[in-house]
$ cat model-v1.txt   # compact mmCIF, C-alpha atoms and all ligand atoms
# COMPACT_ATOMS: atom_id res chain seq x y z
CA MET A 112 -10.46 -14.82 26.05
CA ILE A 113 -11.13 -16.28 22.64
CA PHE A 114 -9.40 -13.31 21.01
CA ARG A 115 -6.40 -13.67 23.27
CA LEU A 116 -6.05 -17.34 22.40
CA ALA A 117 -6.39 -16.71 18.67
CA ARG A 118 -3.78 -14.01 18.88
CA ASN A 119 -1.28 -16.23 20.68
CA ILE A 120 -1.72 -18.99 18.14
CA SER A 121 -1.24 -16.45 15.38
CA ARG A 122 2.01 -15.29 16.83
CA CYS A 123 3.52 -18.73 17.23
CA ARG A 124 2.11 -20.60 14.26
CA PRO A 125 0.99 -18.27 11.51
CA MET A 126 -0.16 -21.12 9.23
CA VAL A 127 -3.02 -22.29 11.42
CA THR A 128 -4.82 -19.13 12.56
CA LYS A 129 -8.40 -18.09 11.89
CA GLY A 130 -9.78 -18.86 8.43
CA LEU A 131 -7.98 -16.28 6.35
CA ASN A 132 -6.55 -16.69 2.92
CA ARG A 133 -3.46 -18.70 2.39
CA ALA A 134 -1.46 -16.11 0.44
CA TYR A 135 -1.57 -13.84 3.45
CA PHE A 136 -0.07 -16.44 5.75
CA SER A 137 2.63 -17.55 3.38
CA VAL A 138 3.81 -13.93 3.44
CA LEU A 139 3.75 -13.85 7.20
CA LYS A 140 5.67 -17.12 7.40
CA ALA A 141 8.28 -15.93 4.91
CA ASN A 142 8.80 -12.92 7.14
CA TYR A 143 9.32 -15.13 10.19
CA ASP A 144 11.80 -17.32 8.32
CA ASN A 145 13.78 -14.33 7.07
CA ALA A 146 13.86 -12.88 10.53
CA SER A 147 15.15 -16.01 12.17
CA ARG A 148 17.85 -16.34 9.52
CA SER A 149 19.07 -12.75 9.79
CA LYS A 150 19.03 -12.64 13.60
CA LYS A 151 21.95 -15.03 13.96
CA LEU A 152 24.41 -13.01 11.87
CA ASN A 153 27.41 -11.60 13.72
CA VAL A 154 30.56 -10.02 12.37
CA GLN A 155 33.45 -12.46 11.95
CA ASN A 156 36.04 -9.94 10.80
CA VAL A 157 36.44 -6.59 9.06
CA GLN A 158 38.88 -5.59 6.40
CA GLN A 159 39.83 -2.38 4.69
CA ALA A 160 41.20 -3.20 1.27
CA GLY A 161 44.28 -1.07 0.37
CA GLY A 162 43.19 2.35 -0.87
CA SER A 163 39.58 1.24 -0.73
CA ARG A 164 36.78 3.53 0.28
CA MET A 165 34.91 0.53 1.68
CA LEU A 166 34.89 -1.62 4.77
CA ASN A 167 34.44 -5.31 3.98
CA VAL A 168 32.45 -7.03 6.72
CA THR A 169 32.65 -10.84 6.78
CA TRP A 170 29.71 -12.40 8.60
CA ASN A 171 29.82 -15.64 10.56
CA ASN A 172 28.14 -17.41 7.62
CA ASP A 173 31.18 -16.40 5.48
CA THR A 174 29.25 -13.93 3.32
CA VAL A 175 30.69 -10.45 2.83
CA SER A 176 28.96 -7.05 2.83
CA ARG A 177 30.68 -3.86 1.67
CA PHE A 178 30.09 -0.56 3.48
CA PRO A 179 31.38 2.74 2.04
CA PHE A 180 33.11 4.79 4.79
CA VAL A 181 31.23 7.89 3.66
CA PHE A 182 27.99 6.03 4.42
CA LEU A 183 29.21 4.81 7.82
CA ARG A 184 30.35 8.27 8.93
CA ASP A 185 27.07 9.83 7.80
CA ASN A 186 25.08 7.24 9.74
CA CYS A 187 26.94 7.25 13.04
CA GLN A 188 24.29 6.26 15.59
CA CYS A 189 25.70 8.15 18.58
CA SER A 190 23.64 10.71 20.51
CA GLU A 191 25.76 13.52 19.05
CA CYS A 192 24.90 12.49 15.49
CA PHE A 193 21.31 11.27 16.04
CA HIS A 194 18.93 13.10 18.36
CA GLU A 195 17.91 10.71 21.13
CA SER A 196 14.18 11.33 21.48
CA SER A 197 13.23 12.29 17.92
CA LEU A 198 15.58 9.66 16.41
CA GLN A 199 16.37 12.20 13.70
CA ARG A 200 19.77 13.03 12.24
CA THR A 201 21.56 16.02 13.74
CA TYR A 202 24.84 15.35 11.91
CA ASP A 203 25.39 18.17 9.41
CA THR A 204 25.98 16.03 6.34
CA PHE A 205 26.13 18.91 3.86
CA ASN A 206 28.82 20.85 5.72
CA LYS A 207 30.81 18.14 7.51
CA LEU A 208 30.87 14.95 5.49
CA ASP A 209 34.22 14.24 3.81
CA MET A 210 33.70 12.14 0.67
CA TYR A 211 37.18 10.59 1.09
CA ILE A 212 37.06 9.90 4.82
CA GLN A 213 39.14 6.94 6.05
CA PRO A 214 38.95 5.48 9.56
CA GLN A 215 41.85 5.61 12.00
CA ARG A 216 40.89 2.29 13.57
CA VAL A 217 38.17 -0.38 13.19
CA GLU A 218 37.53 -3.02 15.88
CA VAL A 219 35.20 -5.97 16.24
CA LEU A 220 33.67 -6.01 19.74
CA GLN A 221 31.49 -8.33 21.86
CA ASN A 222 32.13 -11.49 19.81
CA GLY A 223 31.05 -9.79 16.61
CA GLU A 224 27.86 -8.21 17.91
CA GLN A 225 29.29 -4.75 17.42
CA ILE A 226 32.00 -2.87 15.54
CA SER A 227 33.65 0.35 16.55
CA ILE A 228 35.15 2.88 14.13
CA THR A 229 37.44 5.69 15.25
CA TRP A 230 37.53 8.56 12.75
CA PRO A 231 40.49 10.96 12.20
CA ASP A 232 38.90 13.61 14.49
CA LYS A 233 38.67 10.94 17.30
CA HIS A 234 34.90 10.70 16.96
CA VAL A 235 33.87 7.09 17.69
CA SER A 236 30.98 5.33 15.95
CA LEU A 237 29.51 2.08 17.26
CA PHE A 238 27.40 -0.10 14.95
CA SER A 239 25.56 -3.24 16.04
CA SER A 240 25.74 -6.25 13.73
CA GLN A 241 21.95 -6.13 13.46
CA TRP A 242 22.00 -2.50 12.31
CA LEU A 243 24.80 -3.23 9.82
CA HIS A 244 22.93 -6.18 8.41
CA SER A 245 19.67 -4.32 7.95
CA SER A 246 21.37 -1.22 6.51
CA GLN A 247 23.72 -2.86 4.04
CA ALA A 248 23.83 -1.78 0.41
CA THR A 249 22.27 -4.04 -2.24
CA GLU A 250 24.74 -5.78 -4.53
CA GLN A 251 21.98 -6.81 -6.98
CA ALA A 252 19.15 -4.85 -8.57
CA ASN A 253 16.34 -3.62 -6.34
CA THR A 254 14.19 -6.32 -4.81
CA THR A 255 10.47 -6.04 -4.05
CA LYS A 256 11.29 -5.70 -0.36
CA GLU A 257 12.77 -2.26 -0.89
CA ARG A 258 9.92 -0.93 -3.01
CA SER A 259 8.50 2.19 -1.50
CA SER A 260 5.26 2.00 -3.41
CA LEU A 261 1.90 0.29 -3.32
CA GLN A 262 3.27 -2.88 -4.85
CA ARG A 263 5.56 -4.01 -2.08
CA GLU A 264 6.61 -7.39 -0.80
CA GLY A 265 3.57 -9.58 -0.12
CA VAL A 266 1.19 -8.17 -2.73
CA ARG A 267 -0.83 -10.96 -4.42
CA VAL A 268 -2.83 -10.27 -7.59
CA TRP A 269 -6.16 -11.95 -8.41
CA ASN A 270 -8.84 -12.41 -11.07
CA GLY A 271 -12.49 -13.47 -10.70
CA ASN A 272 -11.65 -17.13 -10.43
CA LYS A 273 -9.18 -16.62 -7.59
CA LEU A 274 -11.19 -14.29 -5.36
CA GLN A 275 -14.92 -14.70 -6.09
CA GLY A 276 -16.59 -15.54 -2.77
CA LYS A 277 -13.23 -15.39 -0.97
CA ILE A 278 -12.78 -11.72 -0.04
CA PRO A 279 -10.90 -11.71 3.32
CA SER A 280 -13.52 -10.91 6.00
CA TYR A 281 -13.32 -9.74 9.59
CA SER A 282 -15.82 -8.80 12.24
CA PHE A 283 -16.17 -5.04 12.73
CA GLN A 284 -16.27 -5.51 16.50
CA ASP A 285 -13.05 -7.57 16.47
CA VAL A 286 -11.25 -4.83 14.55
CA ILE A 287 -12.48 -2.26 17.08
CA GLU A 288 -11.51 -4.34 20.14
CA ASP A 289 -8.57 -6.49 19.10
CA ASP A 290 -5.25 -5.14 17.82
CA PHE A 291 -4.27 -8.35 16.08
CA THR A 292 -7.49 -8.38 14.01
CA LEU A 293 -6.78 -4.74 13.17
CA TYR A 294 -3.35 -5.85 11.91
CA GLU A 295 -4.87 -8.70 9.89
CA TRP A 296 -7.43 -6.41 8.22
CA LEU A 297 -4.81 -3.82 7.25
CA HIS A 298 -2.42 -6.51 6.08
CA SER A 299 -5.14 -7.92 3.79
CA LEU A 300 -5.66 -4.45 2.36
CA HIS A 301 -1.93 -4.34 1.64
CA SER A 302 -1.64 -7.83 0.14
CA VAL A 303 -5.03 -8.60 -1.48
CA GLY A 304 -6.16 -4.98 -1.89
CA ILE A 305 -9.71 -5.65 -0.64
CA ALA A 306 -11.32 -6.79 2.62
CA LEU A 307 -14.81 -6.93 4.13
CA LEU A 308 -15.87 -6.03 7.63
CA LYS A 309 -19.08 -7.62 8.86
CA ASN A 310 -21.76 -6.89 11.45
CA THR A 311 -21.16 -3.16 11.60
CA PRO A 312 -24.03 -1.30 13.32
CA ARG A 313 -26.41 -0.03 10.63
CA GLN A 314 -26.15 3.67 11.28
CA PRO A 315 -24.11 6.52 9.80
CA GLY A 316 -20.82 7.47 11.48
CA GLU A 317 -19.73 3.95 12.50
CA CYS A 318 -16.71 4.12 10.18
CA ASN A 319 -15.38 7.05 12.20
CA GLN A 320 -14.52 4.54 14.95
CA LEU A 321 -12.91 2.27 12.42
CA CYS A 322 -10.80 5.04 10.90
CA ALA A 323 -9.78 6.20 14.39
CA ARG A 324 -8.36 2.70 14.97
CA VAL A 325 -6.02 3.31 12.03
CA GLY A 326 -5.38 7.04 12.45
CA TYR A 327 -7.34 9.77 10.69
CA THR A 328 -9.46 10.07 7.55
CA LYS A 329 -8.71 11.91 4.35
CA THR A 330 -10.99 14.84 3.61
CA THR A 331 -11.84 15.59 -0.04
CA ASN A 332 -13.97 18.12 -1.91
CA PHE A 333 -16.94 15.82 -1.17
CA GLY A 334 -16.47 16.34 2.58
CA TYR A 335 -15.13 14.52 5.65
CA CYS A 336 -17.07 11.49 4.41
CA PHE A 337 -19.55 11.04 1.58
CA GLU A 338 -23.10 9.78 1.45
CA VAL A 339 -23.99 7.54 -1.48
CA HIS A 340 -27.70 7.72 -2.13
CA THR A 341 -29.70 8.97 -5.06
CA LYS A 342 -29.71 12.75 -5.14
CA LEU A 343 -31.48 15.23 -7.41
CA ASN A 344 -29.02 17.26 -9.56
CA ALA A 345 -26.22 14.87 -8.49
CA ASN A 346 -22.66 16.31 -8.72
CA ASN A 347 -21.30 12.76 -9.16
CA LEU A 348 -22.67 9.71 -11.01
CA ALA A 349 -22.25 7.75 -7.76
CA TYR A 350 -25.20 9.72 -6.40
CA THR A 351 -27.59 8.32 -9.05
CA SER A 352 -29.06 4.84 -9.56
CA LEU A 353 -27.22 4.40 -12.90
CA PHE A 354 -24.74 1.65 -13.79
CA LEU A 355 -21.20 2.65 -12.83
CA PRO A 356 -18.40 0.97 -14.78
CA PRO A 357 -15.48 -0.25 -12.61
CA HIS A 358 -13.28 2.72 -11.77
CA THR A 359 -10.89 4.13 -9.21
CA ASP A 360 -11.90 7.29 -7.34
CA MET A 361 -10.52 10.77 -7.92
CA PRO A 362 -7.77 10.30 -10.51
CA TYR A 363 -8.22 14.06 -11.00
CA HIS A 364 -6.25 14.60 -7.77
CA ASP A 365 -2.46 14.50 -7.56
CA TYR A 366 -2.84 12.97 -4.06
CA VAL A 367 -5.38 10.23 -4.77
CA PRO A 368 -7.18 8.82 -1.70
CA GLY A 369 -5.39 5.61 -0.70
CA VAL A 370 -8.14 3.33 0.58
CA GLN A 371 -11.91 3.62 0.32
CA LEU A 372 -14.31 2.33 2.98
CA LEU A 373 -17.96 1.91 1.95
CA HIS A 374 -20.40 1.18 4.74
CA CYS A 375 -23.71 -0.32 3.61
CA ILE A 376 -26.50 1.02 5.79
CA GLU A 377 -29.44 0.21 3.49
CA GLN A 378 -29.46 -1.97 0.39
CA VAL A 379 -32.06 -2.38 -2.37
CA LEU A 380 -33.96 -5.66 -1.96
CA SER A 381 -34.71 -5.97 -5.66
CA GLU A 382 -32.17 -6.84 -8.33
CA GLY A 383 -29.22 -4.55 -8.96
CA GLY A 384 -27.09 -2.42 -6.69
CA GLY A 385 -24.36 -5.08 -6.46
CA ASN A 386 -20.67 -4.11 -6.65
CA GLN A 387 -18.03 -5.41 -9.05
CA PHE A 388 -14.33 -5.32 -8.21
CA VAL A 389 -11.32 -5.72 -10.51
CA ASP A 390 -7.64 -6.01 -9.59
CA GLY A 391 -5.98 -3.30 -11.70
CA PHE A 392 -2.52 -4.79 -11.03
CA TYR A 393 -3.72 -8.11 -12.48
CA VAL A 394 -5.22 -6.67 -15.69
CA ALA A 395 -2.19 -4.41 -16.20
CA GLU A 396 0.15 -7.44 -15.96
CA GLU A 397 -2.09 -9.30 -18.43
CA LEU A 398 -1.91 -6.34 -20.81
CA ARG A 399 1.90 -6.22 -20.50
CA GLU A 400 2.02 -9.84 -21.64
CA LYS A 401 -0.69 -9.76 -24.33
CA ASP A 402 -0.25 -6.30 -25.84
CA PRO A 403 3.11 -4.72 -24.94
CA GLU A 404 2.49 -1.74 -27.26
CA ALA A 405 -0.80 -0.85 -25.54
CA PHE A 406 0.91 -1.35 -22.15
CA LYS A 407 3.69 1.03 -23.15
CA LEU A 408 1.27 3.72 -24.32
CA LEU A 409 -0.86 3.56 -21.17
CA SER A 410 2.18 3.63 -18.91
CA THR A 411 3.92 6.55 -20.67
CA THR A 412 1.11 8.87 -21.80
CA ARG A 413 -0.75 11.02 -19.31
CA ILE A 414 -4.54 11.00 -19.53
CA PRO A 415 -6.32 14.08 -18.14
CA PHE A 416 -9.09 13.77 -15.56
CA THR A 417 -11.27 16.51 -14.12
CA ALA A 418 -14.21 17.17 -11.81
CA LYS A 419 -16.31 20.30 -11.28
CA GLY A 420 -19.21 21.00 -8.98
CA ILE A 421 -20.39 22.30 -5.65
CA ASP A 422 -20.25 20.45 -2.34
CA ILE A 423 -19.87 21.22 1.37
CA PHE A 424 -16.65 23.26 0.93
CA GLY A 425 -18.18 25.26 -1.93
CA GLU A 426 -17.39 25.24 -5.61
CA PHE A 427 -14.57 22.97 -6.80
CA HIS A 428 -12.66 22.39 -10.01
CA THR A 429 -9.94 19.76 -9.78
CA LYS A 430 -7.83 18.36 -12.62
CA PHE A 431 -4.82 16.13 -12.96
CA ALA A 432 -3.26 14.18 -15.83
CA ARG A 433 -1.79 10.77 -15.01
CA HIS A 434 -0.67 7.43 -16.44
CA ILE A 435 -3.41 4.81 -16.23
CA ILE A 436 -0.63 2.35 -15.41
CA GLU A 437 2.04 3.94 -13.22
CA LEU A 438 5.46 2.25 -13.16
CA ASP A 439 8.49 2.65 -10.94
CA GLU A 440 12.07 2.88 -12.21
CA ASN A 441 12.20 -0.93 -12.48
CA GLU A 442 8.95 -1.07 -14.49
CA ASN A 443 6.97 -2.54 -11.59
CA ILE A 444 3.32 -1.48 -11.58
CA VAL A 445 2.82 0.79 -8.59
CA ARG A 446 -0.56 2.41 -9.24
CA PHE A 447 -3.56 1.84 -11.47
CA SER A 448 -6.08 4.60 -12.15
CA CYS A 449 -9.09 4.55 -14.42
CA ASN A 450 -12.29 6.55 -14.30
CA ASN A 451 -14.07 6.91 -17.64
CA PRO A 452 -16.83 9.29 -16.46
CA THR A 453 -14.29 11.88 -15.26
CA ARG A 454 -11.81 11.54 -18.14
CA ASP A 455 -11.20 14.98 -19.64
CA SER A 456 -11.36 15.51 -23.40
CA GLY A 457 -8.08 17.11 -24.50
CA LEU A 458 -5.28 14.55 -24.87
CA HIS A 459 -2.62 16.97 -26.21
CA VAL A 460 -0.89 14.36 -28.38
CA SER A 461 -0.74 14.06 -32.19
CA PRO A 462 -3.84 12.90 -34.10
CA GLU A 463 -2.06 9.62 -34.92
CA LYS A 464 -1.18 9.01 -31.29
CA THR A 465 -4.76 9.90 -30.32
CA ILE A 466 -5.99 6.97 -32.41
CA GLN A 467 -3.35 4.63 -30.94
CA LEU A 468 -4.28 5.75 -27.43
CA TYR A 469 -7.96 5.04 -28.05
CA GLU A 470 -7.05 1.56 -29.23
CA ALA A 471 -4.99 0.87 -26.09
CA TYR A 472 -7.68 2.42 -23.88
CA LEU A 473 -10.41 0.22 -25.37
CA THR A 474 -8.20 -2.86 -24.95
CA ILE A 475 -7.70 -2.26 -21.21
CA GLY A 476 -11.38 -1.23 -20.92
CA LYS A 477 -12.51 -4.57 -22.34
CA MET A 478 -10.21 -6.42 -19.94
CA ILE A 479 -11.71 -4.46 -17.02
CA ALA A 480 -15.24 -5.27 -18.23
CA ASP A 481 -14.45 -8.97 -18.75
CA PRO A 482 -16.43 -10.93 -16.11
CA ALA A 483 -13.46 -13.33 -15.83
CA ASN A 484 -11.47 -10.48 -14.28
CA GLN A 485 -14.25 -9.36 -11.92
CA ILE A 486 -15.62 -10.42 -8.60
CA GLU A 487 -19.19 -9.50 -7.69
CA HIS A 488 -20.45 -8.75 -4.22
CA LYS A 489 -23.81 -7.26 -3.26
CA MET A 490 -23.25 -5.71 0.12
CA LEU A 491 -25.56 -6.58 2.97
CA PRO A 492 -26.59 -3.87 5.42
CA GLY A 493 -23.91 -3.85 8.13
CA GLU A 494 -21.02 -4.66 5.79
CA VAL A 495 -18.11 -2.35 5.10
CA VAL A 496 -16.10 -3.05 1.96
CA THR A 497 -12.57 -1.60 2.07
CA PHE A 498 -10.19 -1.52 -0.90
CA ASN A 499 -6.98 -0.04 -2.28
CA ASN A 500 -8.13 2.86 -4.45
CA SER A 501 -4.86 2.92 -6.40
CA ARG A 502 -5.28 -0.70 -7.40
CA VAL A 503 -8.79 -2.16 -7.11
CA LEU A 504 -11.51 -0.76 -9.37
CA HIS A 505 -15.07 -0.76 -8.10
CA GLY A 506 -18.29 -0.63 -10.11
CA ARG A 507 -22.00 -0.89 -9.42
CA SER A 508 -24.99 -2.40 -11.21
CA SER A 509 -27.91 -0.05 -11.82
CA PHE A 510 -30.90 -0.39 -9.50
CA ILE A 511 -34.44 0.85 -9.09
CA VAL A 512 -35.42 3.01 -6.18
CA ASN A 513 -38.99 3.10 -4.95
CA LYS A 514 -40.82 3.89 -1.73
CA GLN A 515 -40.22 0.44 -0.19
CA THR A 516 -36.55 0.12 -0.99
CA LYS A 517 -33.67 2.53 -0.61
CA ARG A 518 -29.92 2.21 -1.01
CA TYR A 519 -27.70 4.15 1.36
CA LEU A 520 -23.92 3.84 1.71
CA GLN A 521 -21.54 6.04 3.65
CA GLY A 522 -17.99 6.34 2.35
CA PHE A 523 -14.67 7.31 3.90
CA TYR A 524 -11.07 7.51 2.70
CA LEU A 525 -7.81 6.68 4.47
CA ASP A 526 -4.34 7.38 3.12
CA TRP A 527 -1.73 4.66 2.70
CA ASP A 528 0.85 6.62 4.72
CA VAL A 529 -1.48 6.37 7.73
CA ILE A 530 -2.22 2.67 7.14
CA TYR A 531 1.42 1.62 6.65
CA SER A 532 2.37 3.58 9.76
CA ARG A 533 -0.25 1.68 11.82
CA LEU A 534 0.85 -1.64 10.29
CA ARG A 535 4.48 -1.03 11.30
CA VAL A 536 3.52 0.00 14.83
CA LEU A 537 1.28 -3.08 15.23
CA ALA A 538 3.94 -5.35 13.74
CA LYS A 539 6.37 -4.07 16.38
CA GLN A 540 3.76 -4.68 19.11
CA PHE A 541 3.31 -8.31 17.98
CA ASN A 542 6.97 -8.84 17.11
CA ILE A 543 6.10 -9.57 13.47
CA PRO A 544 8.96 -8.62 11.15
CA PHE A 545 6.89 -6.45 8.76
CA ARG A 546 9.74 -4.46 7.24
CA ILE A 547 8.04 -2.66 4.39
ZN ZN B 601 28.47 10.24 16.13
$ encode --input "model-v1.txt" --output "structure tokens" --more "lines below"
Ligand SMILES: [Zn+2]
Amino acid sequence: MIFRLARNISRCRPMVTKGLNRAYFSVLKANYDNASRSKKLNVQNVQQAGGSRMLNVTWNNDTVSRFPFVFLRDNCQCSECFHESSLQRTYDTFNKLDMYIQPQRVEVLQNGEQISITWPDKHVSLFSSQWLHSSQATEQANTTKERSSLQREGVRVWNGNKLQGKIPSYSFQDVIEDDFTLYEWLHSLHSVGIALLKNTPRQPGECNQLCARVGYTKTTNFGYCFEVHTKLNANNLAYTSLFLPPHTDMPYHDYVPGVQLLHCIEQVLSEGGGNQFVDGFYVAEELREKDPEAFKLLSTTRIPFTAKGIDIFGEFHTKFARHIIELDENENIVRFSCNNPTRDSGLHVSPEKTIQLYEAYLTIGKMIADPANQIEHKMLPGEVVTFNNSRVLHGRSSFIVNKQTKRYLQGFYLDWDVIYSRLRVLAKQFNIPFRI
């Protein structure tokens, strides 16, 4: 009953729900505001300028959107052009689409809630005003909303000062039982890049339930999940008690795991064994401002990473070369990868550029190591820390293992495609306009 109440409040008044961080709710509220604005738009009139290949649609707020006829014909929504159950296009664009198509007739129907276009072959396309509005071309440069990457609308960067002691937290049981808490957790992963789940039963395998709530896990050369405890002849530094500098996992894969989940089952009671986290998007933006040359080098030169060893699927040897700072076509940071222990040796650039690269690499390395950019959290048994592996770096203090005290974590990976899919489905369920 308590959950139900909280959920209803959340849906009506996003600013006053359970104690989550403010950035998250301002995003949610902005989405509500945008939705209520765009819902009211109907078509006032349509116009085909002489010789134009566009249809000008004037909305009832007097703004105008321009739709190329070639686009409208290609996207006819009828059951002949779009398969009804799969919602996939059956129209044969490559063989049938005429680049210079002009309509025979265009009509505004149902007080502007719909337009109808009759094409020269008598085929009729109906478009709702809502569909037209959400499918219109952009007259300006790309906005964050349209970014199909990990830095989409709603992402908020942080340093130590902003997030220390304030990692968004949820109860494991709530995530398992309540769909709205599931949405909130995944949305925090999207916006803040890190979230904690508390009071998870202290036994291996519990994260399987959690991952099943989202979809399915990502398997890697370390297995279906991975066990972090000290091992003899470790095939990964994670399986020792040594200090681990903040890093992202598996940059030596083309398809890097999207999100990591680390379930703390046993923790050392003595000093050490705490985790440090750094927002790679934040330090990269700082670097862009303070040292544009270093930023340019790290975002345009590929650094090779590699891993070799033997694990449950047998012997492995993976390698991939990538930009530490990955940018999209508009120079937005979309991925951050750094893992010094698995960095390969050959850089395959000139000796001069090698020296410049080292300088840039040390600069970003010092920013990552700067306590001002880090948050520290020593996990308690029963906590699961979850974070965006293409953004948030994680490190670990060294610790001492003895007979009385052990440290045992179990780790899982989920891919962003699976998480964003669940977020969209949940947003639809709760009528939240999450359009990314
Ligand atoms: Zn059609």
$ residues_near_ligand --input "model-v1.txt" --ligand "ligand ZN 601 (chain B)" --cutoff "12 Å" --atoms "all atoms listed in the file" --output "ChimeraX atom specification"
/A:183-195,200-204,207-208,227-230,232-238
$ closest_residue --input "model-v1.txt" --among "A:Val512, A:Ala395, A:Val379, A:Leu409" --to "A:Asn270" --atoms "all atoms listed in the file"
A:Ala395
$ atom_distance --input "model-v1.txt" --atom1 "atom CA of A:Phe424" --atom2 "atom CA of A:Gln320"
23.5 Å
$ closest_residue --input "model-v1.txt" --among "A:Gly162, A:Gly385, A:Pro415, A:Pro315" --to "A:His364" --atoms "all atoms listed in the file"
A:Pro415
$ residues_around --input "model-v1.txt" --residues "A:Val370" --least-positions-apart "4" --cutoff "8 Å" --atoms "all atoms listed in the file" --output "list of chain:residue names"
A:Thr497, A:Phe498, A:Asn499, A:Asn500, A:Ser501, A:Tyr524, A:Leu525, A:Asp526, A:Trp527
$ residues_around --input "model-v1.txt" --residues "A:Val168" --least-positions-apart "2" --cutoff "7 Å" --atoms "all atoms listed in the file" --output "number ranges by chain"
A: 154, 156-158, 166, 170, 175-177
$ closest_residue --input "model-v1.txt" --among "A:Phe182, A:Ile414, A:Phe337, A:Asn450" --to "A:Met210" --atoms "all atoms listed in the file"
A:Phe182
$ closest_residue --input "model-v1.txt" --among "A:Ile278, A:Val303, A:Val286, A:Val181" --to "A:Cys322" --atoms "all atoms listed in the file"
A:Val286
$ atom_distance --input "model-v1.txt" --atom1 "atom CA of A:Cys449" --atom2 "atom CA of A:Leu353"
18.2 Å
$ residues_around --input "model-v1.txt" --residues "A:Phe388" --least-positions-apart "2" --cutoff "9 Å" --atoms "all atoms listed in the file" --output "short mmCIF file (atom, residue, chain, number, x, y, z; two decimals) with C-alpha atoms, keeping the file's coordinate frame"
data_model
loop_
_atom_site.label_atom_id
_atom_site.label_comp_id
_atom_site.auth_asym_id
_atom_site.auth_seq_id
_atom_site.Cartn_x
_atom_site.Cartn_y
_atom_site.Cartn_z
CA GLY A 271 -12.49 -13.47 -10.70
CA ILE A 305 -9.71 -5.65 -0.64
CA PRO A 357 -15.48 -0.25 -12.61
CA HIS A 358 -13.28 2.72 -11.77
CA ASN A 386 -20.67 -4.11 -6.65
CA ASP A 390 -7.64 -6.01 -9.59
CA ASN A 484 -11.47 -10.48 -14.28
CA GLN A 485 -14.25 -9.36 -11.92
CA ILE A 486 -15.62 -10.42 -8.60
CA GLU A 487 -19.19 -9.50 -7.69
CA HIS A 488 -20.45 -8.75 -4.22
CA VAL A 503 -8.79 -2.16 -7.11
CA LEU A 504 -11.51 -0.76 -9.37
CA HIS A 505 -15.07 -0.76 -8.10
CA GLY A 506 -18.29 -0.63 -10.11
CA ARG A 507 -22.00 -0.89 -9.42
#
$ closest_residue --input "model-v1.txt" --among "A:Arg502, A:His301, A:Arg313, A:Arg518" --to "A:Val445" --atoms "only C-alpha atoms"
A:Arg502
$ closest_atom_pairs --input "model-v1.txt" --of "stretch 481-526 of chain A" --to "stretch 338-342 of chain A" --cutoff "6 Å" --atoms "only C-alpha atoms" --output "Markdown table"
| residue | atom | partner | partner_atom | distance |
| --- | --- | --- | --- | --- |
| A:Tyr519 | CA | A:His340 | CA | 5.0 |
| A:Leu520 | CA | A:Val339 | CA | 4.9 |
| A:Gln521 | CA | A:Glu338 | CA | 4.6 |
$ atom_distance --input "model-v1.txt" --atom1 "atom CA of A:Leu220" --atom2 "atom CA of A:Pro179"
19.9 Å
$ closest_residue --input "model-v1.txt" --among "A:Tyr363, A:Phe283, A:Phe392, A:Phe333" --to "A:Ala349" --atoms "all atoms listed in the file"
A:Phe333
$ residues_near_point --input "model-v1.txt" --point "(0.5, -6.9, -14.4)" --cutoff "12 Å" --atoms "all atoms listed in the file" --output "PyMOL selection string"
chain A and resi 262+266-270+390-403+406+410+436-438+442-447+475+502
$ residues_around --input "model-v1.txt" --residues "A:Ala432" --least-positions-apart "5" --cutoff "12 Å" --atoms "all atoms listed in the file" --output "MDAnalysis selection string"
chainID A and resid 361:367 411:417 437 448:450 453:459
$ residues_around --input "model-v1.txt" --residues "stretch 533-540 of chain A" --least-positions-apart "3" --cutoff "8 Å" --atoms "only C-alpha atoms" --output "list in words"
Asp290, Phe291, Tyr294, Leu297, His298, Val325, Gly326, Val529, Ile530, Ile543, Pro544, Phe545, Arg546 and Ile547 of chain A
$ build_atoms --input "model-v1.txt" --residues "stretch 303-309 of chain A" --atoms "N, CA and C atoms" --output "PDB file, keeping the file's coordinate frame"
ATOM      1  N   VAL A 303      -3.964  -8.240  -0.526  1.00  0.00           N
ATOM      2  CA  VAL A 303      -5.030  -8.600  -1.480  1.00  0.00           C
ATOM      3  C   VAL A 303      -5.649  -7.345  -2.096  1.00  0.00           C
ATOM      4  N   GLY A 304      -5.627  -6.237  -1.362  1.00  0.00           N
ATOM      5  CA  GLY A 304      -6.160  -4.980  -1.890  1.00  0.00           C
ATOM      6  C   GLY A 304      -7.638  -4.777  -1.588  1.00  0.00           C
ATOM      7  N   ILE A 305      -8.288  -5.781  -0.970  1.00  0.00           N
ATOM      8  CA  ILE A 305      -9.710  -5.650  -0.640  1.00  0.00           C
ATOM      9  C   ILE A 305     -10.026  -6.508   0.570  1.00  0.00           C
ATOM     10  N   ALA A 306     -10.903  -6.015   1.440  1.00  0.00           N
ATOM     11  CA  ALA A 306     -11.320  -6.790   2.620  1.00  0.00           C
ATOM     12  C   ALA A 306     -12.699  -6.306   3.060  1.00  0.00           C
ATOM     13  N   LEU A 307     -13.448  -7.241   3.654  1.00  0.00           N
ATOM     14  CA  LEU A 307     -14.810  -6.930   4.130  1.00  0.00           C
ATOM     15  C   LEU A 307     -14.843  -6.927   5.648  1.00  0.00           C
ATOM     16  N   LEU A 308     -15.617  -6.002   6.200  1.00  0.00           N
ATOM     17  CA  LEU A 308     -15.870  -6.030   7.630  1.00  0.00           C
ATOM     18  C   LEU A 308     -17.360  -6.294   7.814  1.00  0.00           C
ATOM     19  N   LYS A 309     -17.689  -7.210   8.716  1.00  0.00           N
ATOM     20  CA  LYS A 309     -19.080  -7.620   8.860  1.00  0.00           C
ATOM     21  C   LYS A 309     -19.666  -7.208  10.206  1.00  0.00           C
TER      22      LYS A 309
END
